[in-house]
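What's in coords_33.cif: mmCIF, N, CA and C atoms
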data_upload
loop_
_atom_site.label_atom_id
_atom_site.label_comp_id
_atom_site.auth_asym_id
_atom_site.auth_seq_id
_atom_site.Cartn_x
_atom_site.Cartn_y
_atom_site.Cartn_z
N MET G 1 -12.14 -14.19 8.03
CA MET G 1 -11.09 -13.45 8.69
C MET G 1 -10.18 -12.81 7.63
N MET G 2 -9.92 -11.54 7.80
CA MET G 2 -9.07 -10.84 6.84
C MET G 2 -7.66 -10.73 7.41
N HIS G 3 -6.70 -11.11 6.61
CA HIS G 3 -5.31 -11.00 7.02
C HIS G 3 -4.78 -9.62 6.63
N LEU G 4 -3.59 -9.30 7.09
CA LEU G 4 -3.00 -7.99 6.86
C LEU G 4 -2.91 -7.65 5.38
N ASP G 5 -2.53 -8.61 4.54
CA ASP G 5 -2.44 -8.34 3.10
C ASP G 5 -3.79 -7.88 2.53
N GLY G 6 -4.85 -8.52 2.97
CA GLY G 6 -6.18 -8.14 2.51
C GLY G 6 -6.58 -6.76 3.00
N LEU G 7 -6.19 -6.45 4.21
CA LEU G 7 -6.49 -5.14 4.78
C LEU G 7 -5.72 -4.04 4.05
N ILE G 8 -4.46 -4.30 3.76
CA ILE G 8 -3.65 -3.35 2.99
C ILE G 8 -4.30 -3.10 1.64
N TYR G 9 -4.69 -4.16 0.97
CA TYR G 9 -5.33 -4.03 -0.35
C TYR G 9 -6.61 -3.21 -0.26
N LEU G 10 -7.43 -3.50 0.72
CA LEU G 10 -8.71 -2.82 0.87
C LEU G 10 -8.51 -1.32 1.12
N ILE G 11 -7.60 -0.97 1.99
CA ILE G 11 -7.36 0.44 2.32
C ILE G 11 -6.76 1.17 1.12
N LYS G 12 -5.79 0.56 0.47
CA LYS G 12 -5.16 1.20 -0.70
C LYS G 12 -6.18 1.37 -1.82
N GLU G 13 -6.99 0.35 -2.08
CA GLU G 13 -8.01 0.40 -3.12
C GLU G 13 -9.03 1.50 -2.83
N ARG G 14 -9.46 1.58 -1.59
CA ARG G 14 -10.44 2.61 -1.19
C ARG G 14 -9.83 4.01 -1.37
N ARG G 15 -8.58 4.17 -0.97
CA ARG G 15 -7.90 5.46 -1.11
C ARG G 15 -7.86 5.87 -2.58
N GLN G 16 -7.51 4.94 -3.45
CA GLN G 16 -7.42 5.23 -4.87
C GLN G 16 -8.79 5.52 -5.48
N GLN G 17 -9.81 4.78 -5.06
CA GLN G 17 -11.17 5.03 -5.54
C GLN G 17 -11.64 6.44 -5.19
N MET G 18 -11.24 6.90 -4.03
CA MET G 18 -11.62 8.24 -3.57
C MET G 18 -10.71 9.32 -4.15
N GLN G 19 -9.72 8.90 -4.93
CA GLN G 19 -8.75 9.81 -5.53
C GLN G 19 -8.03 10.64 -4.46
N VAL G 20 -7.61 9.94 -3.41
CA VAL G 20 -6.89 10.54 -2.31
C VAL G 20 -5.44 10.06 -2.40
N SER G 21 -4.51 10.98 -2.40
CA SER G 21 -3.10 10.60 -2.44
C SER G 21 -2.67 10.14 -1.04
N GLN G 22 -1.51 9.51 -0.98
CA GLN G 22 -0.98 9.10 0.32
C GLN G 22 -0.76 10.33 1.20
N GLU G 23 -0.32 11.43 0.61
CA GLU G 23 -0.09 12.66 1.36
C GLU G 23 -1.40 13.20 1.94
N MET G 24 -2.45 13.16 1.13
CA MET G 24 -3.75 13.62 1.60
C MET G 24 -4.27 12.73 2.72
N LEU G 25 -4.12 11.42 2.56
CA LEU G 25 -4.56 10.49 3.60
C LEU G 25 -3.81 10.76 4.90
N SER G 26 -2.53 11.03 4.78
CA SER G 26 -1.73 11.35 5.96
C SER G 26 -2.29 12.59 6.67
N ASP G 27 -2.57 13.62 5.89
CA ASP G 27 -3.10 14.86 6.46
C ASP G 27 -4.47 14.65 7.11
N ILE G 28 -5.34 13.96 6.41
CA ILE G 28 -6.71 13.75 6.88
C ILE G 28 -6.75 12.89 8.14
N SER G 29 -5.93 11.83 8.15
CA SER G 29 -5.99 10.85 9.23
C SER G 29 -5.11 11.21 10.42
N GLY G 30 -4.10 12.04 10.20
CA GLY G 30 -3.16 12.35 11.27
C GLY G 30 -2.09 11.29 11.43
N VAL G 31 -2.00 10.40 10.46
CA VAL G 31 -0.98 9.34 10.46
C VAL G 31 0.20 9.84 9.62
N ALA G 32 1.40 9.67 10.11
CA ALA G 32 2.58 10.15 9.40
C ALA G 32 2.65 9.56 7.99
N LEU G 33 3.10 10.37 7.04
CA LEU G 33 3.21 9.93 5.65
C LEU G 33 4.08 8.69 5.54
N ARG G 34 5.16 8.67 6.25
CA ARG G 34 6.06 7.51 6.23
C ARG G 34 5.32 6.24 6.66
N THR G 35 4.48 6.37 7.66
CA THR G 35 3.70 5.22 8.15
C THR G 35 2.72 4.74 7.09
N VAL G 36 2.05 5.68 6.42
CA VAL G 36 1.11 5.34 5.35
C VAL G 36 1.84 4.58 4.24
N LYS G 37 2.99 5.13 3.82
CA LYS G 37 3.76 4.50 2.74
C LYS G 37 4.25 3.11 3.15
N GLN G 38 4.74 2.97 4.36
CA GLN G 38 5.21 1.66 4.82
C GLN G 38 4.06 0.67 4.88
N PHE G 39 2.92 1.11 5.38
CA PHE G 39 1.76 0.23 5.49
C PHE G 39 1.34 -0.27 4.11
N GLU G 40 1.20 0.65 3.16
CA GLU G 40 0.75 0.26 1.82
C GLU G 40 1.76 -0.61 1.08
N SER G 41 3.01 -0.52 1.44
CA SER G 41 4.03 -1.36 0.80
C SER G 41 4.20 -2.69 1.53
N GLY G 42 3.45 -2.88 2.62
CA GLY G 42 3.52 -4.13 3.36
C GLY G 42 4.71 -4.23 4.29
N LYS G 43 5.40 -3.13 4.50
CA LYS G 43 6.59 -3.15 5.35
C LYS G 43 6.32 -2.70 6.77
N GLY G 44 5.20 -2.07 6.99
CA GLY G 44 4.89 -1.55 8.32
C GLY G 44 4.16 -2.57 9.17
N ASN G 45 4.06 -2.26 10.44
CA ASN G 45 3.32 -3.09 11.38
C ASN G 45 2.45 -2.13 12.21
N PRO G 46 1.35 -1.65 11.61
CA PRO G 46 0.56 -0.61 12.25
C PRO G 46 -0.19 -1.11 13.48
N THR G 47 -0.38 -0.20 14.42
CA THR G 47 -1.19 -0.52 15.59
C THR G 47 -2.67 -0.46 15.21
N LEU G 48 -3.50 -0.98 16.06
CA LEU G 48 -4.95 -0.90 15.82
C LEU G 48 -5.38 0.56 15.77
N LYS G 49 -4.80 1.38 16.61
CA LYS G 49 -5.12 2.82 16.63
C LYS G 49 -4.82 3.46 15.27
N THR G 50 -3.67 3.12 14.69
CA THR G 50 -3.30 3.65 13.37
C THR G 50 -4.27 3.16 12.31
N LEU G 51 -4.60 1.88 12.34
CA LEU G 51 -5.55 1.33 11.37
C LEU G 51 -6.91 2.01 11.49
N MET G 52 -7.32 2.29 12.71
CA MET G 52 -8.61 2.95 12.91
C MET G 52 -8.58 4.37 12.36
N LYS G 53 -7.49 5.08 12.51
CA LYS G 53 -7.37 6.43 11.95
C LYS G 53 -7.46 6.40 10.42
N LEU G 54 -6.75 5.45 9.81
CA LEU G 54 -6.76 5.34 8.36
C LEU G 54 -8.14 4.97 7.83
N THR G 55 -8.75 3.98 8.44
CA THR G 55 -10.07 3.54 7.97
C THR G 55 -11.12 4.61 8.19
N GLU G 56 -11.08 5.29 9.31
CA GLU G 56 -12.03 6.37 9.59
C GLU G 56 -11.92 7.47 8.53
N ALA G 57 -10.71 7.83 8.18
CA ALA G 57 -10.49 8.88 7.17
C ALA G 57 -11.04 8.47 5.80
N LEU G 58 -11.11 7.16 5.55
CA LEU G 58 -11.58 6.66 4.26
C LEU G 58 -13.04 6.20 4.28
N GLY G 59 -13.72 6.44 5.38
CA GLY G 59 -15.13 6.06 5.48
C GLY G 59 -15.34 4.58 5.67
N LEU G 60 -14.34 3.92 6.25
CA LEU G 60 -14.43 2.49 6.53
C LEU G 60 -14.47 2.30 8.05
N GLU G 61 -14.82 1.12 8.49
CA GLU G 61 -14.77 0.85 9.92
C GLU G 61 -14.24 -0.55 10.16
N ILE G 62 -13.54 -0.69 11.26
CA ILE G 62 -13.00 -1.99 11.68
C ILE G 62 -13.95 -2.57 12.70
N THR G 63 -14.29 -3.82 12.52
CA THR G 63 -15.18 -4.50 13.44
C THR G 63 -14.47 -5.73 14.00
N LEU G 64 -14.51 -5.85 15.31
CA LEU G 64 -13.97 -7.03 15.96
C LEU G 64 -15.13 -7.87 16.45
N GLN G 65 -14.97 -9.18 16.36
CA GLN G 65 -16.01 -10.06 16.85
C GLN G 65 -15.39 -11.30 17.47
N VAL G 66 -16.14 -11.91 18.32
CA VAL G 66 -15.68 -13.11 19.01
C VAL G 66 -15.74 -14.28 18.04
N LYS G 67 -14.65 -15.04 18.01
CA LYS G 67 -14.59 -16.22 17.12
C LYS G 67 -15.52 -17.31 17.66
N LYS G 68 -16.08 -18.04 16.72
CA LYS G 68 -16.87 -19.20 17.09
C LYS G 68 -15.90 -20.34 17.32
N ILE G 69 -15.96 -20.94 18.46
CA ILE G 69 -15.04 -22.01 18.82
C ILE G 69 -15.50 -23.36 18.29
N PHE G 70 -16.77 -23.54 18.16
CA PHE G 70 -17.30 -24.84 17.76
C PHE G 70 -17.35 -24.96 16.28
#

Could you render the structure as structure tokens?
Amino acid sequence: MMHLDGLIYLIKERRQQMQVSQEMLSDISGVALRTVKQFESGKGNPTLKTLMKLTEALGLEITLQVKKIF
């Protein structure tokens, strides 16, 4: 299970690997620049919809799965 800190790291790392600025990511994803900056600084609380826009723009995908109870 990945926690928010891990998700922030993964998205920021991917953005940097692709040489995409925060401004470019904002434009590509349709997510406000302020939201991108807050998310990457760990101050934001993004919705799943926002996370999906960011990950889609970076060629990533979010997968949900049912937890094993046993």

Which residues come within 10 Å of Ser26 of chain G, counting only C-alpha atoms, excluding same-chain residues fewer than 4 positions away, as a PyMOL selection string?
chain G and resi 20-22+30-37+53-54+57

Which residues fall under the PyMOL selection byres (((chain G and resi 64 and name CA) around 12) and name CA) in this file, as a list in words?
Met1, Met2, Leu48, Met52, Glu61, Ile62, Thr63, Gln65, Val66 and Lys67 of chain G

Using DSSP secondary structure from the backbone, list all alpha helix (DSSP H) positions within segment 4-62 of chain G, as a PyMOL selection string.
chain G and resi 4-17+22-29+33-40+48-57

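Each of G:Ile69, G:Leu25, G:Leu58, G:Ile11 was checked against Glu40 of chain G using only N, CA and C atoms; the smallest atom-to-atom distance is that of G:Ile11.
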
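Each of G:Leu51, G:Ile28, G:Glu23, G:Ser41 was checked against Tyr9 of chain G using only C-alpha atoms; the smallest atom-to-atom distance is that of G:Ser41.
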
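What separates atom CA of Phe70 of chain G from atom CA of His3 of chain G is a distance of 21.2 Å.
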
What is the atom N of Gly6 of chain G-atom CA of Met18 of chain G distance in Å, reported with one decimal?
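Separation of atom N of Gly6 of chain G and atom CA of Met18 of chain G: 19.2 Å.
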
Distance of atom N of Thr50 of chain G from atom C of Gln16 of chain G, expressed in Å to one decimal place
20.9 Å

Nearest-residue call for Leu10 of chain G, choices G:Lys68, G:Phe39, G:Lys49, G:Gly44, using only C-alpha atoms:
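Closest residue, counting only C-alpha atoms: G:Phe39.
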